[in-house]
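A.B. asks: Below you will find the structure I want to go over with you.
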Amino acid sequence: MHLDQSPAEAYRGLAVGLGTTIIDGTPYYLLHVAPQVQYGPWGLGIDGDIHIGTDGRLRKEDWNTTYDYVRWLNYVSYGQQHDDFYLRLGGLEHATIGNGTIVSDYWSNSSYDDRRFGGQARLDLGFFGAEGLNSDFFHPGLIAIRPFTRPFQLVPILWNNWFLRNIQIGVTGAFDFDSNATRIIPNHPPYVVRAPDPTNPSDTIDLVNFDSTHIASPLTTLGADISALLWQSDKTEGRVYADYVRFQRFSDGLMIGARTAFELTDSVFLDLRAERDLFRNQFLPSYYNSFYERDRYDDQANPIDYITKLTLLHDSIGGNGNGFKGGAFINYFDNIQFQGSYLHLDNLIGQDWMQLEFVLPHLPEDIYFRLIYTREEINGASDLFALDDRTIMMSEIGYKPWKWLLLIGDFRWSFAVDASGHLHTQTVIEPRADVIIRF
């Protein structure tokens, strides 16, 4: 499974561009420099943006911390995600550990101004392997690791049994060292007082007076999983899996699932997944997802929402929880590519979560289109699509009139953390033209 890369990511050479960036309605002139090189399995990408205001000054948010310079290094990579050895340093996208029952589609760079520099790696030796991630090498954050084994591959007499040699067993540990990850803050006085946001009078911020509980760091989640292939051929395969997960100091849950992949024709590919979650109080499946960096601490939350993600976990009570998760990947003749997932929780009304990605890689006139849409706290079908503080959306359209010229239009609806540490919604519109010098 893969989605075609954007032409802004697929070239090897030097891109130098000019354009405009409009951030929350404020326009800036844009200078763009982005070399990308490949040497064997190694890759290196630098992505540098210089924003100049209409007053001729550099945008201060781009240069006020040491981290702003680190973000120019977009990635260092070795191999591809499906290889037996894979390494990537930089921003993380679509990061999933194991079956995704703890870390599922995690993003560290969905915020334009708060991008992280972390790492993800995978090693598969057949009978043994491991995968893991670090959300941020420069600040305390999420670290997850999952060693796994196919134990019957070590027993010669069992190696020839097709079913046994494809059984995989893994254990996962996820640890969040961020200080906000362990805070429980009831969203009402005297813990929280709501006040106007001085930087944006149309918004409010939550002034946190104190926490009701601050558990010991790190927030720890442990899991064990087992999976097995049921069938496999040149054009189809299917497997089942089960995961047990426990949040230390809270509760545990069990997930069972099935997944199948098959080719309808030589050019139509489907991958389908269904999962049932079984749990009681104080448990949330796929806890570390694409919204986690926003939800860990959100002082712009509505009165009925949660200041921290841990508060939601703590307050998730009411007897049997349970839920389901479905996912699909579709590739239609390499011209239409789609992947998406939906998580529903039975005992938490208005806490559904959805992730969609849609790519048209080969439109006429060499046009490329990509849309990523993530929404949380969904309350019914009428609440699936909207642009508000419960949505992260990124879209891109690219046009290559000549091999050496690329016209790009980016749009982001995301979030940012201001100089006072307050979180707010952010919009970024960026049209630009890049000249690509290939080498």
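Each chain in the structure tokens gets a letter, A, B and so on, in the order shown; residues start at 1 in every chain, and ligands are counted from 1 in the order they appear.
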Run DSSP on the backbone and tell me which residues of region 203-375 of chain A come out as strand (DSSP E); list them as a ChimeraX atom specification.

C.D. replies: /A:203-208,213-214,219-232,236-247,252-265,268-279,323-332,336-345,352-363,367-375

A.B. asks: For region 278-281 of chain A, find every residue with an atom within 9 Å (counting only C-alpha atoms), except residues of its own chain fewer than 4 positions away, and show them as an NGL selection string.

C.D. replies: :A and (250-256 or 313-324)

A.B. asks: Which residues are close to Arg146 (chain A), i.e. within 8 Å by only C-alpha atoms, leaving aside same-chain residues fewer than 2 positions away? Reply as a PyMOL selection string.

C.D. replies: chain A and resi 97-98+130-132+144+148+170-173

A.B. asks: Selection from above, all heavy atoms, as an mmCIF file, in the first residue's frame, can you write it?

C.D. replies:
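Output saved as again38.cif:
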```
data_model
loop_
_atom_site.group_PDB
_atom_site.id
_atom_site.type_symbol
_atom_site.label_atom_id
_atom_site.label_comp_id
_atom_site.auth_asym_id
_atom_site.auth_seq_id
_atom_site.Cartn_x
_atom_site.Cartn_y
_atom_site.Cartn_z
ATOM 1 N N ILE A 97 2.178 2.121 15.289
ATOM 2 C CA ILE A 97 2.955 1.052 15.904
ATOM 3 C C ILE A 97 2.069 -0.179 16.005
ATOM 4 O O ILE A 97 0.963 -0.130 16.549
ATOM 5 C CB ILE A 97 3.462 1.457 17.299
ATOM 6 C CG1 ILE A 97 4.367 2.696 17.209
ATOM 7 C CG2 ILE A 97 4.194 0.306 17.955
ATOM 8 C CD1 ILE A 97 5.633 2.477 16.435
ATOM 9 N N GLY A 98 2.561 -1.306 15.475
ATOM 10 C CA GLY A 98 1.793 -2.542 15.517
ATOM 11 C C GLY A 98 0.472 -2.406 14.795
ATOM 12 O O GLY A 98 0.410 -1.935 13.654
ATOM 13 N N ALA A 130 11.754 -5.158 15.480
ATOM 14 C CA ALA A 130 11.342 -4.097 16.390
ATOM 15 C C ALA A 130 10.974 -2.874 15.565
ATOM 16 O O ALA A 130 11.470 -2.670 14.450
ATOM 17 C CB ALA A 130 12.449 -3.758 17.384
ATOM 18 N N GLU A 131 10.082 -2.075 16.116
ATOM 19 C CA GLU A 131 9.711 -0.795 15.520
ATOM 20 C C GLU A 131 9.481 0.199 16.644
ATOM 21 O O GLU A 131 9.161 -0.183 17.779
ATOM 22 C CB GLU A 131 8.446 -0.931 14.664
ATOM 23 C CG GLU A 131 7.245 -1.490 15.410
ATOM 24 C CD GLU A 131 6.032 -1.655 14.513
ATOM 25 O OE1 GLU A 131 5.944 -0.966 13.491
ATOM 26 O OE2 GLU A 131 5.165 -2.490 14.864
ATOM 27 N N GLY A 132 9.670 1.470 16.338
ATOM 28 C CA GLY A 132 9.491 2.465 17.384
ATOM 29 C C GLY A 132 9.535 3.863 16.831
ATOM 30 O O GLY A 132 9.807 4.097 15.644
ATOM 31 N N ALA A 144 7.693 5.427 21.827
ATOM 32 C CA ALA A 144 7.003 4.132 21.752
ATOM 33 C C ALA A 144 7.929 3.125 21.088
ATOM 34 O O ALA A 144 8.631 3.451 20.127
ATOM 35 C CB ALA A 144 5.701 4.256 20.974
ATOM 36 N N PHE A 148 9.037 -7.487 18.393
ATOM 37 C CA PHE A 148 8.129 -8.565 18.012
ATOM 38 C C PHE A 148 8.934 -9.768 17.548
ATOM 39 O O PHE A 148 10.121 -9.664 17.209
ATOM 40 C CB PHE A 148 7.153 -8.116 16.915
ATOM 41 C CG PHE A 148 7.814 -7.658 15.640
ATOM 42 C CD1 PHE A 148 8.132 -8.565 14.630
ATOM 43 C CD2 PHE A 148 8.108 -6.317 15.436
ATOM 44 C CE1 PHE A 148 8.733 -8.149 13.451
ATOM 45 C CE2 PHE A 148 8.705 -5.888 14.250
ATOM 46 C CZ PHE A 148 9.023 -6.801 13.265
ATOM 47 N N GLY A 170 3.982 -9.592 19.640
ATOM 48 C CA GLY A 170 4.695 -8.368 19.973
ATOM 49 C C GLY A 170 4.266 -7.788 21.302
ATOM 50 O O GLY A 170 3.195 -8.116 21.822
ATOM 51 N N VAL A 171 5.109 -6.950 21.862
ATOM 52 C CA VAL A 171 4.777 -6.191 23.071
ATOM 53 C C VAL A 171 5.126 -4.729 22.812
ATOM 54 O O VAL A 171 6.109 -4.429 22.135
ATOM 55 C CB VAL A 171 5.519 -6.713 24.314
ATOM 56 C CG1 VAL A 171 5.046 -8.100 24.683
ATOM 57 C CG2 VAL A 171 7.024 -6.695 24.105
ATOM 58 N N THR A 172 4.298 -3.831 23.335
ATOM 59 C CA THR A 172 4.455 -2.403 23.081
ATOM 60 C C THR A 172 4.522 -1.642 24.393
ATOM 61 O O THR A 172 3.780 -1.934 25.335
ATOM 62 C CB THR A 172 3.278 -1.865 22.251
ATOM 63 O OG1 THR A 172 3.218 -2.556 21.004
ATOM 64 C CG2 THR A 172 3.438 -0.372 21.986
ATOM 65 N N GLY A 173 5.411 -0.671 24.425
ATOM 66 C CA GLY A 173 5.455 0.284 25.524
ATOM 67 C C GLY A 173 5.439 1.690 24.956
ATOM 68 O O GLY A 173 6.252 2.016 24.084
#
```

A.B. asks: At most 12 Å is the cut-off: for each residue in region 35-104 of chain A with any atom that close to an atom of region 220-229 of chain A, write down the nearest atom pair and the distance in Å rounded to one decimal, counting only C-alpha atoms, chain first then increasing number, as a tab-separated table.

C.D. replies:
```
residue	atom	partner	partner_atom	distance
A:Ile97	CA	A:Gly223	CA	10.9
A:Gly98	CA	A:Asp225	CA	8.1
A:Asn99	CA	A:Asp225	CA	8.2
A:Gly100	CA	A:Asp225	CA	10.6
A:Thr101	CA	A:Gly223	CA	8.6
A:Ile102	CA	A:Thr221	CA	7.6
A:Val103	CA	A:Thr221	CA	10.0
```

A.B. asks: How about saving the chosen residues, N, CA and C atoms kept, as a PDB file, in the first residue's frame?

C.D. replies:
```
ATOM      1  N   ILE A  97       2.178   2.121  15.289  1.00  0.00           N
ATOM      2  CA  ILE A  97       2.955   1.052  15.904  1.00  0.00           C
ATOM      3  C   ILE A  97       2.069  -0.179  16.005  1.00  0.00           C
ATOM      4  N   GLY A  98       2.561  -1.306  15.475  1.00  0.00           N
ATOM      5  CA  GLY A  98       1.793  -2.542  15.517  1.00  0.00           C
ATOM      6  C   GLY A  98       0.472  -2.406  14.795  1.00  0.00           C
ATOM      7  N   ASN A  99      -0.605  -2.820  15.454  1.00  0.00           N
ATOM      8  CA  ASN A  99      -1.935  -2.756  14.856  1.00  0.00           C
ATOM      9  C   ASN A  99      -2.637  -1.422  15.077  1.00  0.00           C
ATOM     10  N   GLY A 100      -1.957  -0.483  15.715  1.00  0.00           N
ATOM     11  CA  GLY A 100      -2.534   0.834  15.902  1.00  0.00           C
ATOM     12  C   GLY A 100      -3.475   0.953  17.077  1.00  0.00           C
ATOM     13  N   THR A 101      -3.434   0.031  18.022  1.00  0.00           N
ATOM     14  CA  THR A 101      -4.337   0.105  19.165  1.00  0.00           C
ATOM     15  C   THR A 101      -3.839   1.070  20.239  1.00  0.00           C
ATOM     16  N   ILE A 102      -2.555   1.426  20.192  1.00  0.00           N
ATOM     17  CA  ILE A 102      -2.004   2.434  21.099  1.00  0.00           C
ATOM     18  C   ILE A 102      -1.599   3.680  20.314  1.00  0.00           C
ATOM     19  N   VAL A 103      -0.722   3.513  19.328  1.00  0.00           N
ATOM     20  CA  VAL A 103      -0.284   4.612  18.465  1.00  0.00           C
ATOM     21  C   VAL A 103      -0.850   4.367  17.076  1.00  0.00           C
TER      22      VAL A 103
END
```

A.B. asks: Which residues of region 320-378 of chain A sit at most 12 Å from region 264-268 of chain A, using only C-alpha atoms? Give each one's shortest atom pair and distance in Å (one decimal place), in chain and ascending residue order, as JSON lines.

C.D. replies:
```
{"residue": "A:Phe329", "atom": "CA", "partner": "A:Val268", "partner_atom": "CA", "distance": 10.7}
{"residue": "A:Ile330", "atom": "CA", "partner": "A:Val268", "partner_atom": "CA", "distance": 7.5}
{"residue": "A:Asn331", "atom": "CA", "partner": "A:Val268", "partner_atom": "CA", "distance": 5.7}
{"residue": "A:Tyr332", "atom": "CA", "partner": "A:Val268", "partner_atom": "CA", "distance": 4.7}
{"residue": "A:Phe333", "atom": "CA", "partner": "A:Ser267", "partner_atom": "CA", "distance": 4.6}
{"residue": "A:Asp334", "atom": "CA", "partner": "A:Ser267", "partner_atom": "CA", "distance": 7.2}
{"residue": "A:Asn335", "atom": "CA", "partner": "A:Ser267", "partner_atom": "CA", "distance": 9.8}
{"residue": "A:Ile336", "atom": "CA", "partner": "A:Val268", "partner_atom": "CA", "distance": 9.7}
{"residue": "A:Gln337", "atom": "CA", "partner": "A:Val268", "partner_atom": "CA", "distance": 10.0}
{"residue": "A:Phe338", "atom": "CA", "partner": "A:Val268", "partner_atom": "CA", "distance": 11.8}
```

A.B. asks: Emit the selected residues as an mmCIF file, in the first residue's frame, including all heavy atoms.

C.D. replies:
```
data_model
loop_
_atom_site.group_PDB
_atom_site.id
_atom_site.type_symbol
_atom_site.label_atom_id
_atom_site.label_comp_id
_atom_site.auth_asym_id
_atom_site.auth_seq_id
_atom_site.Cartn_x
_atom_site.Cartn_y
_atom_site.Cartn_z
ATOM 1 N N PHE A 329 -8.240 1.021 2.271
ATOM 2 C CA PHE A 329 -7.308 1.611 1.315
ATOM 3 C C PHE A 329 -7.746 1.162 -0.076
ATOM 4 O O PHE A 329 -8.012 -0.025 -0.291
ATOM 5 C CB PHE A 329 -5.877 1.153 1.594
ATOM 6 C CG PHE A 329 -4.882 1.626 0.562
ATOM 7 C CD1 PHE A 329 -4.235 2.835 0.708
ATOM 8 C CD2 PHE A 329 -4.610 0.866 -0.565
ATOM 9 C CE1 PHE A 329 -3.326 3.284 -0.242
ATOM 10 C CE2 PHE A 329 -3.709 1.289 -1.528
ATOM 11 C CZ PHE A 329 -3.061 2.505 -1.359
ATOM 12 N N ILE A 330 -7.834 2.119 -1.000
ATOM 13 C CA ILE A 330 -8.282 1.826 -2.357
ATOM 14 C C ILE A 330 -7.320 2.474 -3.348
ATOM 15 O O ILE A 330 -6.984 3.654 -3.213
ATOM 16 C CB ILE A 330 -9.715 2.357 -2.612
ATOM 17 C CG1 ILE A 330 -10.699 1.771 -1.605
ATOM 18 C CG2 ILE A 330 -10.164 2.051 -4.038
ATOM 19 C CD1 ILE A 330 -12.069 2.419 -1.650
ATOM 20 N N ASN A 331 -6.873 1.690 -4.303
ATOM 21 C CA ASN A 331 -6.069 2.219 -5.411
ATOM 22 C C ASN A 331 -6.742 1.798 -6.706
ATOM 23 O O ASN A 331 -6.775 0.610 -7.046
ATOM 24 C CB ASN A 331 -4.635 1.685 -5.339
ATOM 25 C CG ASN A 331 -3.724 2.355 -6.359
ATOM 26 O OD1 ASN A 331 -4.171 2.873 -7.375
ATOM 27 N ND2 ASN A 331 -2.431 2.336 -6.076
ATOM 28 N N TYR A 332 -7.264 2.771 -7.422
ATOM 29 C CA TYR A 332 -8.002 2.511 -8.651
ATOM 30 C C TYR A 332 -7.165 2.960 -9.844
ATOM 31 O O TYR A 332 -7.044 4.149 -10.130
ATOM 32 C CB TYR A 332 -9.343 3.242 -8.623
ATOM 33 C CG TYR A 332 -10.225 3.004 -9.841
ATOM 34 C CD1 TYR A 332 -10.956 1.836 -9.971
ATOM 35 C CD2 TYR A 332 -10.314 3.963 -10.851
ATOM 36 C CE1 TYR A 332 -11.764 1.619 -11.069
ATOM 37 C CE2 TYR A 332 -11.121 3.753 -11.954
ATOM 38 C CZ TYR A 332 -11.848 2.587 -12.064
ATOM 39 O OH TYR A 332 -12.651 2.378 -13.168
ATOM 40 N N PHE A 333 -6.519 1.996 -10.507
ATOM 41 C CA PHE A 333 -5.717 2.234 -11.711
ATOM 42 C C PHE A 333 -4.636 3.301 -11.488
ATOM 43 O O PHE A 333 -4.253 4.004 -12.433
ATOM 44 C CB PHE A 333 -6.616 2.649 -12.879
ATOM 45 C CG PHE A 333 -7.441 1.521 -13.425
ATOM 46 C CD1 PHE A 333 -8.690 1.248 -12.894
ATOM 47 C CD2 PHE A 333 -6.966 0.717 -14.446
ATOM 48 C CE1 PHE A 333 -9.463 0.201 -13.382
ATOM 49 C CE2 PHE A 333 -7.728 -0.330 -14.949
ATOM 50 C CZ PHE A 333 -8.985 -0.590 -14.419
ATOM 51 N N ASP A 334 -4.168 3.432 -10.268
ATOM 52 C CA ASP A 334 -3.162 4.440 -9.919
ATOM 53 C C ASP A 334 -3.608 5.868 -10.202
ATOM 54 O O ASP A 334 -2.792 6.805 -10.135
ATOM 55 C CB ASP A 334 -1.835 4.177 -10.651
ATOM 56 C CG ASP A 334 -1.071 3.016 -10.049
ATOM 57 O OD1 ASP A 334 -1.239 2.768 -8.837
ATOM 58 O OD2 ASP A 334 -0.315 2.358 -10.787
ATOM 59 N N ASN A 335 -4.883 6.062 -10.498
ATOM 60 C CA ASN A 335 -5.403 7.399 -10.782
ATOM 61 C C ASN A 335 -6.249 7.952 -9.645
ATOM 62 O O ASN A 335 -6.408 9.171 -9.526
ATOM 63 C CB ASN A 335 -6.240 7.381 -12.066
ATOM 64 C CG ASN A 335 -5.419 7.153 -13.305
ATOM 65 O OD1 ASN A 335 -4.311 7.691 -13.421
ATOM 66 N ND2 ASN A 335 -5.912 6.341 -14.220
ATOM 67 N N ILE A 336 -6.809 7.069 -8.834
ATOM 68 C CA ILE A 336 -7.572 7.478 -7.665
ATOM 69 C C ILE A 336 -7.083 6.648 -6.485
ATOM 70 O O ILE A 336 -7.137 5.420 -6.524
ATOM 71 C CB ILE A 336 -9.091 7.277 -7.853
ATOM 72 C CG1 ILE A 336 -9.604 8.085 -9.047
ATOM 73 C CG2 ILE A 336 -9.841 7.664 -6.581
ATOM 74 C CD1 ILE A 336 -11.081 7.827 -9.355
ATOM 75 N N GLN A 337 -6.599 7.302 -5.447
ATOM 76 C CA GLN A 337 -6.069 6.625 -4.269
ATOM 77 C C GLN A 337 -6.744 7.212 -3.023
ATOM 78 O O GLN A 337 -6.846 8.426 -2.875
ATOM 79 C CB GLN A 337 -4.558 6.792 -4.181
ATOM 80 C CG GLN A 337 -3.826 6.191 -5.378
ATOM 81 C CD GLN A 337 -2.354 6.531 -5.410
ATOM 82 O OE1 GLN A 337 -1.862 7.314 -4.602
ATOM 83 N NE2 GLN A 337 -1.640 5.968 -6.361
ATOM 84 N N PHE A 338 -7.189 6.317 -2.153
ATOM 85 C CA PHE A 338 -7.912 6.745 -0.960
ATOM 86 C C PHE A 338 -7.556 5.844 0.206
ATOM 87 O O PHE A 338 -7.417 4.631 0.050
ATOM 88 C CB PHE A 338 -9.423 6.684 -1.201
ATOM 89 C CG PHE A 338 -10.245 6.795 0.063
ATOM 90 C CD1 PHE A 338 -10.568 8.043 0.582
ATOM 91 C CD2 PHE A 338 -10.671 5.667 0.747
ATOM 92 C CE1 PHE A 338 -11.296 8.155 1.750
ATOM 93 C CE2 PHE A 338 -11.409 5.767 1.917
ATOM 94 C CZ PHE A 338 -11.729 7.028 2.416
#
```

A.B. asks: Identify which of the residues A:Leu123, A:Ile436, A:Ala34, A:Leu142 lies closest to Ala95 (chain A), counting only C-alpha atoms when measuring atom-to-atom distances.

C.D. replies: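 Closest residue, counting only C-alpha atoms: A:Leu142.
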
A.B. asks: Which residue, A:Ser290, A:Asn74, A:Asn64, A:Thr54, has the smallest gap to Pro27 (chain A) when you use only C-alpha atoms?

C.D. replies: A:Thr54

A.B. asks: State, in Å with one decimal place, the distance from CA of Pro7 (chain A) to CA of Tyr292 (chain A).

C.D. replies: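 CA of Pro7 (chain A) sits 28.5 Å away from CA of Tyr292 (chain A).
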
A.B. asks: Report as a ChimeraX atom specification all protein, DNA and RNA residues lying within 7 Å of His214 (chain A), evaluated on only C-alpha atoms, omitting residues in the same chain fewer than 6 positions from it.

C.D. replies: /A:182-184

A.B. asks: Near Pro41 (chain A), within 9 Å and counting only C-alpha atoms, which residues show up once chain neighbours fewer than 5 positions away are dropped, as a list in words?

C.D. replies: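 With the cut-off at 9 Å, the set is Ser77, Tyr78, Gly79 and Gln80 of chain A.
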
A.B. asks: Save out the residues we just selected, all heavy atoms, as a PDB file, in the first residue's frame.

C.D. replies:
```
ATOM      1  N   SER A  77      16.668  10.004   5.901  1.00  0.00           N
ATOM      2  CA  SER A  77      16.000   8.703   5.836  1.00  0.00           C
ATOM      3  C   SER A  77      16.935   7.640   5.285  1.00  0.00           C
ATOM      4  O   SER A  77      17.914   7.937   4.584  1.00  0.00           O
ATOM      5  CB  SER A  77      14.744   8.783   4.956  1.00  0.00           C
ATOM      6  OG  SER A  77      15.085   9.047   3.612  1.00  0.00           O
ATOM      7  N   TYR A  78      16.598   6.395   5.618  1.00  0.00           N
ATOM      8  CA  TYR A  78      17.269   5.235   5.063  1.00  0.00           C
ATOM      9  C   TYR A  78      16.202   4.216   4.690  1.00  0.00           C
ATOM     10  O   TYR A  78      15.433   3.759   5.538  1.00  0.00           O
ATOM     11  CB  TYR A  78      18.246   4.614   6.059  1.00  0.00           C
ATOM     12  CG  TYR A  78      19.036   3.445   5.499  1.00  0.00           C
ATOM     13  CD1 TYR A  78      20.294   3.647   4.950  1.00  0.00           C
ATOM     14  CD2 TYR A  78      18.506   2.166   5.502  1.00  0.00           C
ATOM     15  CE1 TYR A  78      21.017   2.583   4.423  1.00  0.00           C
ATOM     16  CE2 TYR A  78      19.218   1.100   4.972  1.00  0.00           C
ATOM     17  CZ  TYR A  78      20.469   1.314   4.429  1.00  0.00           C
ATOM     18  OH  TYR A  78      21.171   0.271   3.895  1.00  0.00           O
ATOM     19  N   GLY A  79      16.164   3.836   3.409  1.00  0.00           N
ATOM     20  CA  GLY A  79      15.206   2.845   2.955  1.00  0.00           C
ATOM     21  C   GLY A  79      13.787   3.375   2.869  1.00  0.00           C
ATOM     22  O   GLY A  79      13.523   4.574   2.990  1.00  0.00           O
ATOM     23  N   GLN A  80      12.857   2.436   2.657  1.00  0.00           N
ATOM     24  CA  GLN A  80      11.434   2.745   2.558  1.00  0.00           C
ATOM     25  C   GLN A  80      10.690   2.054   3.699  1.00  0.00           C
ATOM     26  O   GLN A  80      11.190   1.100   4.302  1.00  0.00           O
ATOM     27  CB  GLN A  80      10.882   2.271   1.206  1.00  0.00           C
ATOM     28  CG  GLN A  80      11.603   2.853   0.001  1.00  0.00           C
ATOM     29  CD  GLN A  80      11.473   4.353  -0.104  1.00  0.00           C
ATOM     30  OE1 GLN A  80      10.399   4.893   0.191  1.00  0.00           O
ATOM     31  NE2 GLN A  80      12.530   5.030  -0.525  1.00  0.00           N
TER      32      GLN A  80
END
```

A.B. asks: Which residue, A:Ile143, A:Val37, A:Ile372, A:Glu430, has the smallest gap to His51 (chain A) when you use only C-alpha atoms?

C.D. replies: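 Between A:Ile143, A:Val37, A:Ile372, A:Glu430, the residue approaching His51 (chain A) most closely is A:Glu430.
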
A.B. asks: Suppose you want the space between CA of Pro303 (chain A) and CA of Asp346 (chain A); what is it in Å?

C.D. replies: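 Between CA of Pro303 (chain A) and CA of Asp346 (chain A) the gap is 22.1 Å.
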
A.B. asks: Check region 282-375 of chain A with DSSP on the backbone and list each residue it calls helix (DSSP H, G or I), as a list in words.

C.D. replies: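 Filtering region 282-375 of chain A to helix (DSSP H, G or I) leaves Tyr292, Glu293, Arg294, Asp295, Lys309, Leu310, Thr311, Leu312, Leu313, His314, Asp315, Pro364, Glu365 and Asp366 of chain A.
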
A.B. asks: Please save C-alpha atoms of the selected residues as a compact mmCIF listing (two decimals), in the first residue's frame.

C.D. replies:
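Output contents, as saved in out-v1.txt:
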```txt
# COMPACT_ATOMS: atom_id res chain seq x y z
CA TYR A 292 -2.76 14.00 20.07
CA GLU A 293 -0.32 16.91 19.84
CA ARG A 294 -3.31 19.25 19.97
CA ASP A 295 -5.35 17.34 22.55
CA LYS A 309 -6.36 14.26 26.87
CA LEU A 310 -5.68 12.56 30.18
CA THR A 311 -8.76 14.26 31.66
CA LEU A 312 -10.85 12.62 28.94
CA LEU A 313 -9.28 9.25 29.75
CA HIS A 314 -9.91 9.77 33.47
CA ASP A 315 -13.57 10.78 32.95
CA PRO A 364 -4.76 15.77 -17.03
CA GLU A 365 -2.05 18.32 -17.80
CA ASP A 366 0.19 16.71 -15.17
```

A.B. asks: Neighbours of Tyr28 (chain A) within 8 Å (only C-alpha atoms; same-chain residues fewer than 4 positions away dropped), as a short mmCIF file (atom, residue, chain, number, x, y, z; two decimals) with all heavy atoms, in the first residue's frame?

C.D. replies:
```cif
data_model
loop_
_atom_site.label_atom_id
_atom_site.label_comp_id
_atom_site.auth_asym_id
_atom_site.auth_seq_id
_atom_site.Cartn_x
_atom_site.Cartn_y
_atom_site.Cartn_z
N THR A 20 3.70 33.49 -1.88
CA THR A 20 3.05 34.25 -0.82
C THR A 20 2.51 33.27 0.21
O THR A 20 2.01 32.20 -0.14
CB THR A 20 1.88 35.08 -1.39
OG1 THR A 20 2.36 35.98 -2.38
CG2 THR A 20 1.20 35.88 -0.28
N THR A 21 2.63 33.63 1.47
CA THR A 21 2.03 32.85 2.55
C THR A 21 1.10 33.75 3.35
O THR A 21 1.52 34.81 3.81
CB THR A 21 3.10 32.25 3.48
OG1 THR A 21 4.02 31.47 2.72
CG2 THR A 21 2.46 31.37 4.53
N ILE A 22 -0.13 33.32 3.50
CA ILE A 22 -1.11 34.08 4.29
C ILE A 22 -1.41 33.26 5.54
O ILE A 22 -2.00 32.18 5.45
CB ILE A 22 -2.39 34.35 3.48
CG1 ILE A 22 -2.05 35.06 2.17
CG2 ILE A 22 -3.39 35.17 4.29
CD1 ILE A 22 -3.22 35.17 1.22
N ILE A 23 -1.00 33.76 6.70
CA ILE A 23 -1.16 33.05 7.96
C ILE A 23 -2.16 33.81 8.83
O ILE A 23 -1.90 34.96 9.21
CB ILE A 23 0.18 32.91 8.69
CG1 ILE A 23 1.19 32.16 7.79
CG2 ILE A 23 0.00 32.17 10.02
CD1 ILE A 23 2.57 32.05 8.39
N HIS A 51 9.78 34.07 5.47
CA HIS A 51 8.59 34.89 5.33
C HIS A 51 8.95 36.34 5.64
O HIS A 51 9.50 36.63 6.71
CB HIS A 51 7.48 34.42 6.27
CG HIS A 51 7.02 33.03 5.99
ND1 HIS A 51 7.38 31.94 6.77
CD2 HIS A 51 6.22 32.54 5.01
CE1 HIS A 51 6.82 30.85 6.29
NE2 HIS A 51 6.11 31.18 5.23
N ILE A 52 8.60 37.22 4.72
CA ILE A 52 8.88 38.65 4.88
C ILE A 52 7.57 39.40 4.87
O ILE A 52 6.77 39.27 3.93
CB ILE A 52 9.80 39.16 3.74
CG1 ILE A 52 11.09 38.33 3.70
CG2 ILE A 52 10.11 40.64 3.94
CD1 ILE A 52 11.97 38.65 2.52
N GLY A 53 7.30 40.16 5.92
CA GLY A 53 6.06 40.90 6.02
C GLY A 53 6.00 42.08 5.07
O GLY A 53 7.01 42.47 4.46
N THR A 54 4.84 42.66 4.97
CA THR A 54 4.68 43.83 4.09
C THR A 54 5.47 45.03 4.60
O THR A 54 5.71 45.99 3.85
CB THR A 54 3.20 44.20 3.97
OG1 THR A 54 2.65 44.38 5.29
CG2 THR A 54 2.42 43.10 3.27
N ARG A 59 9.23 37.37 9.58
CA ARG A 59 8.20 36.93 10.51
C ARG A 59 8.88 36.39 11.77
O ARG A 59 9.66 35.42 11.72
CB ARG A 59 7.35 35.84 9.86
CG ARG A 59 6.22 35.31 10.74
CD ARG A 59 5.34 34.35 9.95
NE ARG A 59 4.25 33.85 10.77
CZ ARG A 59 4.22 32.65 11.34
NH1 ARG A 59 5.24 31.81 11.14
NH2 ARG A 59 3.19 32.27 12.07
#
```

A.B. asks: When distances are computed from only C-alpha atoms, which of A:Ile367, A:Val193, A:Leu343, A:Leu31 shows the smallest separation from Tyr287 (chain A)?

C.D. replies: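 The shortest atom-to-atom distance to Tyr287 (chain A) comes from A:Leu343.
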
A.B. asks: To one decimal place, how far is CA of Gln153 (chain A) from CA of Ile169 (chain A) in Å?

C.D. replies: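 Computed distance, CA of Gln153 (chain A) to CA of Ile169 (chain A), equals 12.0 Å.
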
A.B. asks: Please determine, counting only C-alpha atoms, which residue among A:Ser395, A:Gln351, A:Thr26, A:Gln168 has the shortest atom-to-atom distance to Arg375 (chain A).

C.D. replies: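 Answer, going by the shortest atom-to-atom distance: A:Gln351.
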